[in-house]
Amino acid sequence: MLFLNKDDIAKSINLNGMMDQIEEAYRIFGSGKFYMPPRPTVSYGNDTLIYMPCFTEKSLGTKMLSIFPDNAKLGLPSIDGLVIINDRQTGKPLAILDGQAVTAYRTGAVGGVAIRHLSRKGCRTVGIVGAGTQGFHLALYACAARPIETVYVYNHSERDLTDYMERLRKSIDNPTVKVVQCKQVEELVKYSDIICTATPSNTPVLPNDKELLRDKCIIAIGSYKPDMREIPNSIFELIDNVYTELEYACEESGDLSQPLEAGILDMDRVKLMHELLASSVDTEELAKKTTYFKSVGMGLFDLCVAERLVQDATDKNIGQNIRV
């Protein structure tokens, strides 16, 4: 059985290949040729455990995820876990992958695909709200998807971001890209063509200002509970539709459930991303306006990305073979 830790995954990763794999996952989703039961979520206090199994015609995999937001106070990532890939015919375990790394690269890739299709091709700046693992990877994918020249970073806490910013500079595969820390979120919004939010906030992290948000591409991935919220109400006055992966997102995330309950958003304006990708909609025209993608993730993404990681690692002879 193959085991891939964080370093193995980082060595084998191909950002554009990961985004292609997410688009393949959307194609499978649209075909209906998969089985992905509702994911059991268990919360106790502020901590959450999630179990995410998924079958396709060729593959079987499960992600077991822990989300402990208070880990930030300990200097630890808030998301951790494992991904297990099984033989589709026999159920035999074939590979175990670090779930934190899979989640980070998968979620970044989902954001990257949204940037591919909902942002203008000439976007040169991206703003990252939330200087954590997910924000870090969203920055990497934004730079892979668009010709980014400057990455702006804002974090609500006062922790020193010197090491974080330096790691981000080194990880972006382009030494000419500038990484700039913003003191105020309004500054980040003003200068960013693309805005990515990756926080566990219970209140909007972007300013409720239509003019500041106008003509931006907004990618929100942080809120995963009904009482969480990153995006302000004013965004719904600017967009035609909000895009997401699953109708279930309208129940799970406060960024959708709260505006729906308040009558600020209606279900006719909630569109599924796989339908957009399969349609003849001119996304270049769509991207000229304010656009908004809200992600909550799904097991099908993890399975498809883990499959690609295992294949790439095997091809490159990366990882540890474990006898069971």
# chains A, B, ... in the order shown; residues from 1 in each chain; ligands from 1
$ residues_around --residues "region 319-321 of chain A" --least-positions-apart "4" --cutoff "9 Å" --atoms "only C-alpha atoms" --output "list in words"
Met1, Leu2, Phe3, Leu4, Asn5, Asp7, Asp8, Ile9, Ala95, Val310, Ala313 and Thr314 of chain A
$ residues_around --residues "region 306-309 of chain A" --least-positions-apart "5" --cutoff "8 Å" --atoms "only C-alpha atoms" --output "VMD selection string"
chain A and resid 9 12 to 13 18 21 83 85 97 102
$ residues_around --residues "Thr41 (chain A)" --least-positions-apart "5" --cutoff "12 Å" --atoms "only C-alpha atoms" --output "list in words"
Asp47, Thr48, Leu49, Ile50, Tyr51, Met52, Met64, Leu65, Ser66, Ile67, Tyr224, Lys225 and Glu252 of chain A
$ select_by_dssp --residues "region 102-238 of chain A" --states "helix (DSSP H, G or I)" --output "ChimeraX atom specification"
/A:102-118,133-145,162-171,185-191,210-213,233-237
$ closest_residue --among "A:Ala114, A:Ala144, A:Leu303, A:Ala278" --to "Ser31 (chain A)" --atoms "only C-alpha atoms"
A:Ala278
